[in-house]
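Shown here: my_file30.cif, mmCIF, C-alpha atoms and all ligand atoms.
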data_my_file
loop_
_atom_site.label_atom_id
_atom_site.label_comp_id
_atom_site.auth_asym_id
_atom_site.auth_seq_id
_atom_site.Cartn_x
_atom_site.Cartn_y
_atom_site.Cartn_z
CA MET A 1169 149.75 65.02 139.46
CA ARG A 1170 149.91 68.71 139.07
CA THR A 1171 146.81 70.66 138.53
CA MET A 1172 147.03 73.69 136.37
CA LEU A 1173 144.90 76.44 137.60
CA LEU A 1174 143.59 78.67 134.94
CA ALA A 1175 142.49 82.10 135.92
CA LEU A 1176 139.20 82.44 134.21
CA VAL A 1177 137.88 85.90 133.74
CA ILE A 1178 134.16 85.63 133.29
CA THR A 1179 132.71 88.55 131.44
CA ALA A 1180 129.24 89.21 130.20
CA PRO A 1181 128.99 88.93 126.44
CA VAL A 1182 129.30 92.33 124.87
CA PHE A 1183 127.94 93.08 121.45
CA ALA A 1184 129.61 95.71 119.34
CA GLN A 1185 126.32 97.61 119.38
CA PRO A 1186 123.79 97.23 122.18
CA ILE A 1187 120.22 96.40 121.16
CA PRO A 1188 118.53 99.80 120.97
CA ALA A 1189 115.24 100.49 122.73
CA ASP A 1190 112.55 101.89 120.44
CA PRO A 1191 114.84 102.54 117.48
CA PRO A 1192 113.56 105.01 114.89
CA LEU A 1193 111.87 103.85 111.70
CA ARG A 1194 114.31 103.27 108.87
CA TRP A 1195 114.40 101.63 105.45
CA TRP A 1196 115.52 97.99 105.19
CA LYS A 1197 116.42 96.48 101.83
CA GLY A 1198 115.37 92.95 100.97
CA ASN A 1199 114.65 90.37 98.31
CA LEU A 1200 111.87 87.83 98.85
CA HIS A 1201 112.36 85.63 95.77
CA THR A 1202 115.60 83.66 95.30
CA HIS A 1203 116.65 80.15 94.26
CA THR A 1204 119.55 77.88 95.25
CA PHE A 1205 120.65 74.27 94.75
CA TRP A 1206 117.73 73.30 96.99
CA SER A 1207 115.70 73.53 93.75
CA ASP A 1208 116.79 74.94 90.38
CA GLY A 1209 119.29 77.62 91.40
CA ASN A 1210 122.99 77.06 90.78
CA ASP A 1211 124.74 77.96 94.01
CA PHE A 1212 124.90 76.91 97.64
CA PRO A 1213 122.65 78.82 100.06
CA GLU A 1214 125.49 80.34 102.12
CA MET A 1215 127.11 81.72 98.94
CA VAL A 1216 123.84 83.29 97.82
CA CYS A 1217 123.27 84.75 101.30
CA GLU A 1218 126.74 86.27 101.32
CA TRP A 1219 126.20 87.95 97.94
CA TYR A 1220 123.10 89.69 99.27
CA ALA A 1221 124.71 90.58 102.62
CA ASP A 1222 127.73 92.03 100.80
CA ASN A 1223 125.54 94.06 98.45
CA GLY A 1224 123.66 96.14 100.96
CA TYR A 1225 120.64 93.92 101.58
CA ASN A 1226 119.25 93.54 105.10
CA PHE A 1227 116.92 90.58 104.62
CA LEU A 1228 116.66 87.68 102.23
CA ALA A 1229 114.20 84.86 101.62
CA LEU A 1230 115.50 81.81 99.76
CA SER A 1231 112.32 80.58 98.09
CA ASP A 1232 112.93 77.29 96.33
CA HIS A 1233 110.20 75.52 94.36
CA ASN A 1234 107.95 73.40 96.56
CA THR A 1235 110.72 72.83 99.06
CA LEU A 1236 112.13 74.32 102.22
CA SER A 1237 115.85 74.06 102.98
CA GLN A 1238 115.18 71.29 105.47
CA GLY A 1239 116.28 67.74 106.04
CA ASP A 1240 119.32 65.77 104.99
CA ARG A 1241 120.06 66.59 101.34
CA TRP A 1242 123.18 65.66 99.36
CA ILE A 1243 123.71 66.78 95.78
CA PRO A 1244 125.92 64.78 93.36
CA ILE A 1245 128.98 66.70 92.19
CA LYS A 1246 127.93 65.91 88.61
CA ALA A 1247 124.74 67.96 89.07
CA VAL A 1248 126.64 70.75 90.86
CA ASN A 1249 129.13 70.95 88.01
CA GLU A 1250 126.59 70.73 85.20
CA ARG A 1251 124.38 73.44 86.64
CA SER A 1252 127.22 75.81 87.49
CA ARG A 1253 129.70 74.95 84.70
CA GLU A 1254 132.10 73.62 87.32
CA SER A 1255 132.08 76.95 89.18
CA ALA A 1256 130.04 76.43 92.33
CA PHE A 1257 131.95 73.76 94.26
CA PRO A 1258 135.51 75.21 93.98
CA LYS A 1259 134.21 78.66 94.96
CA TYR A 1260 132.22 77.25 97.88
CA LEU A 1261 135.16 75.21 99.18
CA GLU A 1262 137.61 78.07 98.82
CA ARG A 1263 135.30 80.54 100.50
CA PHE A 1264 134.28 78.55 103.57
CA GLY A 1265 136.91 75.82 103.79
CA GLU A 1266 137.00 72.12 104.64
CA SER A 1267 135.78 72.80 108.17
CA TRP A 1268 132.40 73.98 106.85
CA VAL A 1269 131.84 72.24 103.53
CA GLN A 1270 130.58 68.67 103.97
CA THR A 1271 131.20 66.03 101.32
CA ARG A 1272 131.04 62.26 101.05
CA GLY A 1273 132.43 59.71 98.62
CA ASN A 1274 135.58 59.71 96.59
CA ARG A 1275 136.46 63.19 95.24
CA ASP A 1276 137.39 61.76 91.83
CA SER A 1277 134.38 59.53 91.34
CA ASP A 1278 130.77 60.11 90.36
CA ASP A 1279 129.53 59.12 93.81
CA PHE A 1280 131.07 62.25 95.30
CA GLU A 1281 128.34 64.38 96.89
CA VAL A 1282 128.10 67.72 98.64
CA ARG A 1283 125.69 68.34 101.49
CA LEU A 1284 123.19 71.16 101.16
CA LYS A 1285 123.07 72.82 104.56
CA PRO A 1286 119.56 73.22 105.94
CA PHE A 1287 118.09 76.57 106.99
CA ASP A 1288 118.68 76.04 110.73
CA GLU A 1289 122.38 75.45 110.06
CA TYR A 1290 123.17 78.22 107.60
CA ARG A 1291 121.00 80.84 109.22
CA PRO A 1292 123.23 81.59 112.26
CA PHE A 1293 126.28 81.25 110.00
CA VAL A 1294 125.26 84.11 107.72
CA GLU A 1295 123.09 86.36 109.88
CA GLU A 1296 124.26 89.48 111.69
CA ARG A 1297 121.94 91.14 114.18
CA GLY A 1298 120.63 94.48 112.98
CA ARG A 1299 122.43 94.05 109.66
CA PHE A 1300 121.29 90.96 107.78
CA ILE A 1301 118.64 88.33 108.44
CA MET A 1302 117.21 85.31 106.67
CA ILE A 1303 113.49 84.52 106.40
CA GLN A 1304 112.37 80.98 105.58
CA ALA A 1305 110.29 80.85 102.39
CA GLU A 1306 108.93 78.65 99.62
CA GLU A 1307 107.80 79.27 96.05
CA ILE A 1308 104.58 77.26 96.03
CA THR A 1309 104.68 76.18 92.42
CA GLY A 1310 101.51 74.88 90.82
CA SER A 1311 99.26 75.42 87.84
CA PHE A 1312 95.72 75.41 86.53
CA ASN A 1313 95.14 74.09 82.99
CA GLN A 1314 98.92 74.32 82.44
CA ARG A 1315 98.87 78.01 83.31
CA PRO A 1316 101.57 78.54 85.96
CA ILE A 1317 100.56 79.75 89.42
CA HIS A 1318 103.60 80.55 91.52
CA ILE A 1319 102.99 82.03 94.96
CA ASN A 1320 105.72 82.85 97.43
CA ALA A 1321 105.06 82.31 101.12
CA THR A 1322 107.55 84.07 103.36
CA ASN A 1323 108.28 83.14 106.99
CA LEU A 1324 106.84 79.64 106.90
CA ALA A 1325 107.27 77.11 109.70
CA GLY A 1326 106.72 74.16 107.35
CA LEU A 1327 106.11 73.14 103.77
CA ILE A 1328 102.87 74.06 101.97
CA PRO A 1329 102.08 71.89 98.93
CA PRO A 1330 100.56 73.39 95.77
CA GLN A 1331 96.76 73.11 95.68
CA GLN A 1332 94.26 72.04 93.04
CA ALA A 1333 90.76 73.26 92.22
CA ASP A 1334 88.49 73.54 89.21
CA SER A 1335 89.17 77.18 88.37
CA MET A 1336 92.16 79.51 88.28
CA GLU A 1337 90.60 81.79 90.86
CA GLU A 1338 89.83 78.96 93.25
CA THR A 1339 93.28 77.40 92.82
CA ILE A 1340 94.95 80.67 93.82
CA ARG A 1341 92.53 81.09 96.74
CA ARG A 1342 93.22 77.58 98.08
CA VAL A 1343 96.96 78.21 98.22
CA LEU A 1344 96.39 81.43 100.13
CA GLN A 1345 93.94 79.78 102.49
CA ALA A 1346 96.39 76.93 103.13
CA VAL A 1347 99.07 79.47 104.05
CA GLU A 1348 96.64 81.44 106.24
CA ALA A 1349 95.70 78.27 108.13
CA HIS A 1350 99.39 77.45 108.56
CA ALA A 1351 100.13 80.95 109.88
CA ALA A 1352 97.24 80.71 112.35
CA GLU A 1353 98.28 77.25 113.50
CA HIS A 1354 101.85 78.38 114.11
CA HIS A 1355 100.98 81.84 115.44
CA ARG A 1356 103.33 83.63 113.06
CA GLU A 1357 103.27 86.33 110.43
CA VAL A 1358 103.46 84.82 106.96
CA LEU A 1359 103.31 86.94 103.81
CA THR A 1360 102.12 85.54 100.50
CA HIS A 1361 102.70 87.23 97.18
CA LEU A 1362 101.69 86.19 93.69
CA ASN A 1363 104.76 85.90 91.48
CA HIS A 1364 105.29 87.05 87.90
CA PRO A 1365 101.67 86.97 86.58
CA ASN A 1366 102.99 87.27 83.00
CA PHE A 1367 105.23 84.18 83.24
CA GLY A 1368 103.66 81.97 80.58
CA TYR A 1369 100.96 84.65 80.63
CA GLY A 1370 99.42 82.42 83.25
CA VAL A 1371 97.45 84.77 85.48
CA THR A 1372 95.24 87.69 84.40
CA ALA A 1373 94.05 90.79 86.22
CA GLU A 1374 90.54 89.29 86.28
CA ASP A 1375 91.93 86.13 87.94
CA ILE A 1376 93.64 88.08 90.71
CA ALA A 1377 91.13 90.88 91.40
CA PRO A 1378 88.40 88.80 93.09
CA VAL A 1379 90.82 86.80 95.25
CA LEU A 1380 90.93 89.31 98.08
CA GLU A 1381 93.17 87.01 100.12
CA GLU A 1382 95.89 87.97 97.60
CA ARG A 1383 97.16 91.30 98.87
CA PHE A 1384 100.61 91.36 97.20
CA PHE A 1385 101.99 90.63 93.76
CA GLU A 1386 105.19 91.18 91.77
CA VAL A 1387 105.03 94.25 89.56
CA PHE A 1388 108.68 93.55 88.72
CA ASN A 1389 110.52 90.24 88.60
CA GLY A 1390 114.17 90.22 87.47
CA HIS A 1391 113.92 86.98 85.46
CA THR A 1392 114.11 87.82 81.75
CA GLY A 1393 111.46 85.22 80.84
CA VAL A 1394 108.55 86.68 82.81
CA HIS A 1395 107.36 89.49 80.46
CA ASN A 1396 106.90 92.33 82.96
CA SER A 1397 106.22 94.63 80.01
CA GLY A 1398 103.81 92.25 78.25
CA ASP A 1399 103.58 92.14 74.45
CA ASP A 1400 101.09 92.99 71.68
CA ASN A 1401 98.43 90.69 73.14
CA HIS A 1402 99.23 90.94 76.84
CA VAL A 1403 99.28 93.99 79.09
CA SER A 1404 102.19 94.86 81.38
CA THR A 1405 102.28 94.04 85.07
CA ASP A 1406 101.90 97.78 85.76
CA ARG A 1407 98.62 97.78 83.86
CA ILE A 1408 97.50 94.55 85.57
CA TRP A 1409 98.06 96.41 88.84
CA ASP A 1410 95.82 99.34 87.82
CA ILE A 1411 93.04 97.06 86.57
CA ILE A 1412 93.08 95.02 89.80
CA ASN A 1413 93.02 98.19 91.92
CA THR A 1414 90.13 99.67 89.97
CA ILE A 1415 88.03 96.48 90.05
CA ARG A 1416 88.69 95.96 93.76
CA ILE A 1417 87.81 99.51 94.80
CA THR A 1418 84.77 100.00 92.57
CA GLN A 1419 83.21 96.53 92.56
CA LEU A 1420 84.48 94.72 95.63
CA ASP A 1421 84.82 97.54 98.18
CA ALA A 1422 88.34 96.28 98.78
CA PRO A 1423 91.71 98.07 99.02
CA PRO A 1424 94.26 98.08 96.17
CA ILE A 1425 96.74 95.23 95.86
CA MET A 1426 100.32 95.98 96.91
CA ALA A 1427 103.35 95.44 94.71
CA LEU A 1428 106.89 94.09 95.13
CA ALA A 1429 109.99 93.91 92.99
CA THR A 1430 112.11 90.76 93.31
CA ASP A 1431 115.10 89.05 91.69
CA ASP A 1432 113.87 85.48 91.21
CA SER A 1433 117.60 84.80 90.83
CA HIS A 1434 118.81 81.35 89.77
CA TYR A 1435 122.29 81.95 88.28
CA TYR A 1436 125.32 83.14 90.18
CA HIS A 1437 128.46 82.47 88.15
CA GLY A 1438 128.43 84.91 85.26
CA HIS A 1439 127.49 82.35 82.59
CA SER A 1440 123.88 83.47 82.24
CA ASN A 1441 122.08 86.76 82.61
CA VAL A 1442 118.61 85.21 82.57
CA SER A 1443 118.00 85.56 86.29
CA ILE A 1444 120.76 87.01 88.44
CA PRO A 1445 120.74 88.76 91.81
CA GLY A 1446 120.50 92.53 92.19
CA ARG A 1447 117.71 93.52 89.82
CA GLY A 1448 114.60 94.06 91.93
CA TRP A 1449 114.00 94.53 95.65
CA VAL A 1450 111.75 96.05 98.28
CA MET A 1451 112.57 98.79 100.78
CA VAL A 1452 110.59 98.36 103.99
CA HIS A 1453 110.04 101.09 106.60
CA ALA A 1454 110.26 99.38 109.99
CA ARG A 1455 111.91 99.77 113.38
CA HIS A 1456 113.37 96.31 113.88
CA LEU A 1457 115.14 93.93 111.54
CA THR A 1458 113.13 90.80 112.36
CA PRO A 1459 110.86 88.75 110.08
CA GLU A 1460 107.74 89.83 112.00
CA SER A 1461 108.64 93.52 112.02
CA ILE A 1462 109.41 93.50 108.28
CA LEU A 1463 106.29 91.55 107.30
CA LEU A 1464 103.96 93.63 109.49
CA ALA A 1465 105.31 96.83 107.91
CA MET A 1466 104.70 95.36 104.46
CA LYS A 1467 101.16 94.34 105.41
CA ALA A 1468 100.57 97.94 106.52
CA GLY A 1469 101.76 99.10 103.07
CA ASP A 1470 104.89 100.75 104.46
CA PHE A 1471 107.26 99.74 101.68
CA TYR A 1472 108.11 100.40 98.06
CA ALA A 1473 109.50 98.38 95.16
CA SER A 1474 112.72 99.34 93.39
CA THR A 1475 115.06 98.48 90.56
CA GLY A 1476 117.51 101.22 91.47
CA VAL A 1477 115.79 104.40 92.62
CA SER A 1478 115.98 105.01 96.39
CA LEU A 1479 113.41 107.08 98.24
CA ASP A 1480 114.03 109.03 101.39
CA ASP A 1481 110.39 109.47 102.24
CA VAL A 1482 106.92 108.53 100.97
CA SER A 1483 103.97 109.97 102.85
CA PHE A 1484 100.28 110.59 102.42
CA ASP A 1485 98.82 113.51 104.38
CA ALA A 1486 95.20 112.58 105.05
CA THR A 1487 94.21 116.17 105.91
CA SER A 1488 95.50 117.89 102.79
CA ARG A 1489 95.13 114.62 100.87
CA THR A 1490 98.56 114.99 99.36
CA LEU A 1491 100.97 112.24 98.36
CA THR A 1492 104.54 113.47 98.78
CA LEU A 1493 107.82 111.73 98.08
CA SER A 1494 111.48 112.60 98.12
CA ILE A 1495 114.18 110.77 96.21
CA LEU A 1496 117.71 110.04 97.42
CA PRO A 1497 119.39 111.34 94.28
CA GLU A 1498 122.46 109.74 92.73
CA PRO A 1499 125.04 112.12 91.24
CA GLY A 1500 124.28 112.99 87.63
CA GLU A 1501 120.88 111.27 87.50
CA HIS A 1502 117.59 112.96 86.68
CA TYR A 1503 114.20 111.76 87.82
CA VAL A 1504 110.64 111.89 86.55
CA THR A 1505 107.77 110.94 88.86
CA ARG A 1506 104.50 109.88 87.27
CA PHE A 1507 101.42 109.88 89.46
CA ILE A 1508 99.12 107.17 88.13
CA GLY A 1509 95.53 106.52 89.12
CA THR A 1510 91.93 105.98 88.16
CA ARG A 1511 89.12 108.47 88.68
CA ARG A 1512 85.68 107.71 90.05
CA GLY A 1513 83.06 106.99 87.40
CA VAL A 1514 85.51 105.35 85.02
CA ASP A 1515 83.97 103.13 82.35
CA LEU A 1516 84.65 99.54 83.46
CA THR A 1517 83.37 97.77 80.36
CA SER A 1518 85.98 95.56 78.72
CA THR A 1519 86.46 93.48 75.60
CA PRO A 1520 88.48 90.29 75.14
CA VAL A 1521 91.80 90.25 73.31
CA THR A 1522 91.39 87.96 70.29
CA ASP A 1523 93.67 86.12 67.90
CA PRO A 1524 93.51 86.92 64.14
CA ASN A 1525 90.54 84.50 63.80
CA GLY A 1526 88.58 86.37 66.44
CA THR A 1527 88.99 83.69 69.11
CA PRO A 1528 89.38 85.22 72.58
CA LEU A 1529 92.82 84.71 74.17
CA VAL A 1530 93.25 83.78 77.81
CA THR A 1531 94.64 87.12 78.89
CA THR A 1532 93.70 90.32 80.68
CA ARG A 1533 90.86 92.08 78.84
CA THR A 1534 91.03 95.50 77.18
CA TYR A 1535 89.72 98.38 79.29
CA SER A 1536 89.42 102.13 79.05
CA PRO A 1537 92.76 103.99 78.92
CA HIS A 1538 91.41 106.04 81.84
CA ILE A 1539 92.09 103.08 84.09
CA GLY A 1540 95.58 103.75 85.40
CA GLU A 1541 96.14 107.02 83.55
CA VAL A 1542 98.99 109.41 84.23
CA LEU A 1543 97.43 112.15 86.36
CA ALA A 1544 100.56 114.28 86.74
CA GLU A 1545 104.26 114.22 85.88
CA VAL A 1546 106.92 115.93 87.99
CA SER A 1547 110.68 116.28 87.35
CA GLY A 1548 113.28 116.53 90.09
CA PRO A 1549 114.19 114.97 93.43
CA THR A 1550 110.88 115.71 95.17
CA ALA A 1551 107.32 115.33 93.94
CA ALA A 1552 103.85 115.85 95.35
CA TYR A 1553 100.32 115.16 94.16
CA ALA A 1554 97.31 116.85 95.75
CA PHE A 1555 94.18 114.75 95.30
CA GLN A 1556 91.38 116.55 93.49
CA GLY A 1557 88.74 114.42 95.15
CA ASP A 1558 87.61 112.01 92.44
CA GLU A 1559 90.63 109.68 92.46
CA LEU A 1560 89.95 106.08 93.46
CA TYR A 1561 93.67 105.74 94.23
CA VAL A 1562 96.97 107.27 93.17
CA ARG A 1563 100.37 105.61 93.01
CA ALA A 1564 103.74 106.96 91.93
CA VAL A 1565 106.35 105.49 89.61
CA ILE A 1566 109.71 107.23 89.76
CA GLU A 1567 112.06 106.75 86.82
CA SER A 1568 115.71 107.73 86.57
CA ASP A 1569 117.43 108.50 83.26
CA ALA A 1570 120.20 106.07 84.32
CA ALA A 1571 120.30 102.34 83.60
CA PRO A 1572 120.22 99.80 86.44
CA ASP A 1573 123.49 98.05 87.26
CA ARG A 1574 122.00 94.85 85.81
CA PRO A 1575 119.49 95.94 83.17
CA THR A 1576 117.08 93.75 81.23
CA ARG A 1577 115.08 94.41 78.09
CA ASP A 1578 112.18 95.62 80.20
CA SER A 1579 114.30 97.27 82.86
CA LEU A 1580 116.26 99.88 80.91
CA HIS A 1581 115.96 102.65 83.50
CA LYS A 1582 116.11 102.51 87.27
CA ARG A 1583 112.65 102.80 88.79
CA ALA A 1584 110.76 102.80 92.07
CA TRP A 1585 107.07 102.11 92.65
CA THR A 1586 105.19 103.41 95.69
CA GLN A 1587 102.08 101.60 96.86
CA ALA A 1588 98.66 102.97 95.91
CA PHE A 1589 97.19 105.71 98.16
CA PRO A 1590 94.90 106.25 99.89
CA HIS A 1591 93.91 102.90 101.14
CA THR A 1592 92.87 101.64 104.51
CA PRO A 1593 95.22 99.00 105.83
CA PRO A 1594 93.37 95.82 106.85
CA GLY A 1595 92.49 95.99 110.51
CA GLY A 1596 92.28 99.77 110.31
CA PRO A 1597 89.09 101.82 110.41
ZN ZN G 1601 108.15 81.26 89.56
ZN ZN G 1602 111.12 81.73 91.29
#
Go ahead and render the structure in this file as structure tokens.
Amino acid sequence: MRTMLLALVITAPVFAQPIPADPPLRWWKGNLHTHTFWSDGNDFPEMVCEWYADNGYNFLALSDHNTLSQGDRWIPIKAVNERSRESAFPKYLERFGESWVQTRGNRDSDDFEVRLKPFDEYRPFVEERGRFIMIQAEEITGSFNQRPIHINATNLAGLIPPQQADSMEETIRRVLQAVEAHAAEHHREVLTHLNHPNFGYGVTAEDIAPVLEERFFEVFNGHTGVHNSGDDNHVSTDRIWDIINTIRITQLDAPPIMALATDDSHYYHGHSNVSIPGRGWVMVHARHLTPESILLAMKAGDFYASTGVSLDDVSFDATSRTLTLSILPEPGEHYVTRFIGTRRGVDLTSTPVTDPNGTPLVTTRTYSPHIGEVLAEVSGPTAAYAFQGDELYVRAVIESDAAPDRPTRDSLHKRAWTQAFPHTPPGGP
């Protein structure tokens, strides 16, 4: 018997780019609210991941309702076809091939099923070091008195069920405390954010303000059914933000709440524009593209929300007490920056919003227009605001005269939202 000797050349693995030591801070783009077939989205996780990776995102959390992408899950082809108008399976099979796509049953019968790959399987398939990472997440989906309470928990190690209590405030708090206990038990950074407060007009500024465990919320959600702009009886999410900030600083000695923009995408095949990818995201200033590095930067407030405006720099100089920002301008676009804040001594009395019979509605109350007023307006690619000394906080909203690539009725112009300054990050002095 002849033995074939193979000359094996053993080489150390070489990455295209070595891992840098102490890389500089840079902006990373991400979306922390997305759905797939694991709950009510209409595409396979790998397809959704690839859309985001191909469209300039660096991190993505697939946040299905009350489920993690874990365990052995098969979805009947009938459901795949109904939810995607026959689009999802042929695209998935063509894109990744028979060697990746797992099916069982007879292709022409109703018992044909497609396997939904779990997080641990699709993660290494779609990730690219320093370019694109996945973070495990869940949309903890509950309610109080039929008012929806949806809270995303990002970077979970396991499932957190929705919680119940006898008030809206306590129900929100219990979810956050359950996530905090989970994070402590697993020694990991987990970030919770309250989703779309105006979805079903479920959650008011007064509900959120006292729950100091809630440090993040969505000022923009790309789903067209969530009423970011409010209506005649309900204030916008921007105004909810200012009311929460003012109550927290003046009455609770607490920092402002921080704000995200997200997609909340469900539909991926061009049949529906209700909730599609690419409408709202966050830009996070961090050194490393890892879940912990991204979430710690967000917890320190080092990020902004966007629906199309990109910022080069946002900084607050504590000595001159000046908030300065510079925009990365797009050709032909013009920008207006509005500095929004509340001054010390503002009147905090409020009245309920009522229906035509005078019955109070369950919604954010009516406050002084001096809460969250426009303190200054600046045109052009850079803008600065020097504090006069009586501001409780100041935040900036930058608006372009151009439409987003994927506009909605309440997203007609590209915008960016900085966090509110100054505030002391938790753990700081
Ligand atoms: Zn939701
Ligand atoms: Zn959602």
Do you have, as JSON lines, the list of residues of chain A lying at most 8 Å from ligand ZN 1602 (chain G), each with its nearest atom pair and that distance in Å to one decimal, counting all atoms listed in the file and ordered by chain then number?
{"residue": "A:His1201", "atom": "CA", "partner": "G:ZN1602", "partner_atom": "ZN", "distance": 6.1}
{"residue": "A:Thr1202", "atom": "CA", "partner": "G:ZN1602", "partner_atom": "ZN", "distance": 6.3}
{"residue": "A:His1203", "atom": "CA", "partner": "G:ZN1602", "partner_atom": "ZN", "distance": 6.5}
{"residue": "A:Ser1231", "atom": "CA", "partner": "G:ZN1602", "partner_atom": "ZN", "distance": 7.0}
{"residue": "A:Asp1232", "atom": "CA", "partner": "G:ZN1602", "partner_atom": "ZN", "distance": 7.0}
{"residue": "A:His1233", "atom": "CA", "partner": "G:ZN1602", "partner_atom": "ZN", "distance": 7.0}
{"residue": "A:Glu1307", "atom": "CA", "partner": "G:ZN1602", "partner_atom": "ZN", "distance": 6.3}
{"residue": "A:His1318", "atom": "CA", "partner": "G:ZN1602", "partner_atom": "ZN", "distance": 7.6}
{"residue": "A:Asn1363", "atom": "CA", "partner": "G:ZN1602", "partner_atom": "ZN", "distance": 7.6}
{"residue": "A:Asp1432", "atom": "CA", "partner": "G:ZN1602", "partner_atom": "ZN", "distance": 4.7}
{"residue": "A:Ser1433", "atom": "CA", "partner": "G:ZN1602", "partner_atom": "ZN", "distance": 7.2}
{"residue": "A:His1434", "atom": "CA", "partner": "G:ZN1602", "partner_atom": "ZN", "distance": 7.8}
| message | Residues near stretch 1505-1516 of chain A, anyone? I mean within 10 Å using all atoms listed in the file, not counting same-chain ones fewer than 3 positions away, as JSON, numbers by chain. | response | {"A": [1410, 1411, 1413, 1414, 1415, 1417, 1418, 1419, 1491, 1493, 1495, 1534, 1535, 1536, 1537, 1538, 1539, 1540, 1541, 1542, 1543, 1544, 1545, 1546, 1547, 1548, 1549, 1550, 1551, 1552, 1553, 1556, 1557, 1558, 1559, 1560, 1561, 1562, 1563, 1564, 1565, 1566, 1567, 1568, 1583, 1584, 1585, 1586, 1588, 1589]}
For C-alpha atoms, I'd like the residues from the last selection saved as a PDB file, in the coordinates of the input.
ATOM      1  CA  ASP A1410      95.820  99.340  87.820  1.00  0.00           C
ATOM      2  CA  ILE A1411      93.040  97.060  86.570  1.00  0.00           C
ATOM      3  CA  ASN A1413      93.020  98.190  91.920  1.00  0.00           C
ATOM      4  CA  THR A1414      90.130  99.670  89.970  1.00  0.00           C
ATOM      5  CA  ILE A1415      88.030  96.480  90.050  1.00  0.00           C
ATOM      6  CA  ILE A1417      87.810  99.510  94.800  1.00  0.00           C
ATOM      7  CA  THR A1418      84.770 100.000  92.570  1.00  0.00           C
ATOM      8  CA  GLN A1419      83.210  96.530  92.560  1.00  0.00           C
ATOM      9  CA  LEU A1491     100.970 112.240  98.360  1.00  0.00           C
ATOM     10  CA  LEU A1493     107.820 111.730  98.080  1.00  0.00           C
ATOM     11  CA  ILE A1495     114.180 110.770  96.210  1.00  0.00           C
ATOM     12  CA  THR A1534      91.030  95.500  77.180  1.00  0.00           C
ATOM     13  CA  TYR A1535      89.720  98.380  79.290  1.00  0.00           C
ATOM     14  CA  SER A1536      89.420 102.130  79.050  1.00  0.00           C
ATOM     15  CA  PRO A1537      92.760 103.990  78.920  1.00  0.00           C
ATOM     16  CA  HIS A1538      91.410 106.040  81.840  1.00  0.00           C
ATOM     17  CA  ILE A1539      92.090 103.080  84.090  1.00  0.00           C
ATOM     18  CA  GLY A1540      95.580 103.750  85.400  1.00  0.00           C
ATOM     19  CA  GLU A1541      96.140 107.020  83.550  1.00  0.00           C
ATOM     20  CA  VAL A1542      98.990 109.410  84.230  1.00  0.00           C
ATOM     21  CA  LEU A1543      97.430 112.150  86.360  1.00  0.00           C
ATOM     22  CA  ALA A1544     100.560 114.280  86.740  1.00  0.00           C
ATOM     23  CA  GLU A1545     104.260 114.220  85.880  1.00  0.00           C
ATOM     24  CA  VAL A1546     106.920 115.930  87.990  1.00  0.00           C
ATOM     25  CA  SER A1547     110.680 116.280  87.350  1.00  0.00           C
ATOM     26  CA  GLY A1548     113.280 116.530  90.090  1.00  0.00           C
ATOM     27  CA  PRO A1549     114.190 114.970  93.430  1.00  0.00           C
ATOM     28  CA  THR A1550     110.880 115.710  95.170  1.00  0.00           C
ATOM     29  CA  ALA A1551     107.320 115.330  93.940  1.00  0.00           C
ATOM     30  CA  ALA A1552     103.850 115.850  95.350  1.00  0.00           C
ATOM     31  CA  TYR A1553     100.320 115.160  94.160  1.00  0.00           C
ATOM     32  CA  GLN A1556      91.380 116.550  93.490  1.00  0.00           C
ATOM     33  CA  GLY A1557      88.740 114.420  95.150  1.00  0.00           C
ATOM     34  CA  ASP A1558      87.610 112.010  92.440  1.00  0.00           C
ATOM     35  CA  GLU A1559      90.630 109.680  92.460  1.00  0.00           C
ATOM     36  CA  LEU A1560      89.950 106.080  93.460  1.00  0.00           C
ATOM     37  CA  TYR A1561      93.670 105.740  94.230  1.00  0.00           C
ATOM     38  CA  VAL A1562      96.970 107.270  93.170  1.00  0.00           C
ATOM     39  CA  ARG A1563     100.370 105.610  93.010  1.00  0.00           C
ATOM     40  CA  ALA A1564     103.740 106.960  91.930  1.00  0.00           C
ATOM     41  CA  VAL A1565     106.350 105.490  89.610  1.00  0.00           C
ATOM     42  CA  ILE A1566     109.710 107.230  89.760  1.00  0.00           C
ATOM     43  CA  GLU A1567     112.060 106.750  86.820  1.00  0.00           C
ATOM     44  CA  SER A1568     115.710 107.730  86.570  1.00  0.00           C
ATOM     45  CA  ARG A1583     112.650 102.800  88.790  1.00  0.00           C
ATOM     46  CA  ALA A1584     110.760 102.800  92.070  1.00  0.00           C
ATOM     47  CA  TRP A1585     107.070 102.110  92.650  1.00  0.00           C
ATOM     48  CA  THR A1586     105.190 103.410  95.690  1.00  0.00           C
ATOM     49  CA  ALA A1588      98.660 102.970  95.910  1.00  0.00           C
ATOM     50  CA  PHE A1589      97.190 105.710  98.160  1.00  0.00           C
TER      51      PHE A1589
END
| said: My list of candidates is A:Phe1264, A:Phe1367, A:Trp1195, A:Trp1219. Which is closest to ligand ZN 1601 (chain G) when distances are computed with only C-alpha atoms and all ligand atoms? | reply: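 For ligand ZN 1601 (chain G), the nearest of the given residues is A:Phe1367.
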| task | Measuring atom to atom with all atoms listed in the file, identify which of A:Trp1449, A:Phe1471, A:Phe1280, A:Phe1385 is nearest to A:Lys1246. | result |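 Closest to A:Lys1246 of all the choices is A:Phe1280.
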| request: One decimal, Å: what's the distance from atom CA of A:Asp1190 over to atom CA of A:Ser1478, could you say? | output: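 Going from atom CA of A:Asp1190 over to atom CA of A:Ser1478 covers 24.5 Å.
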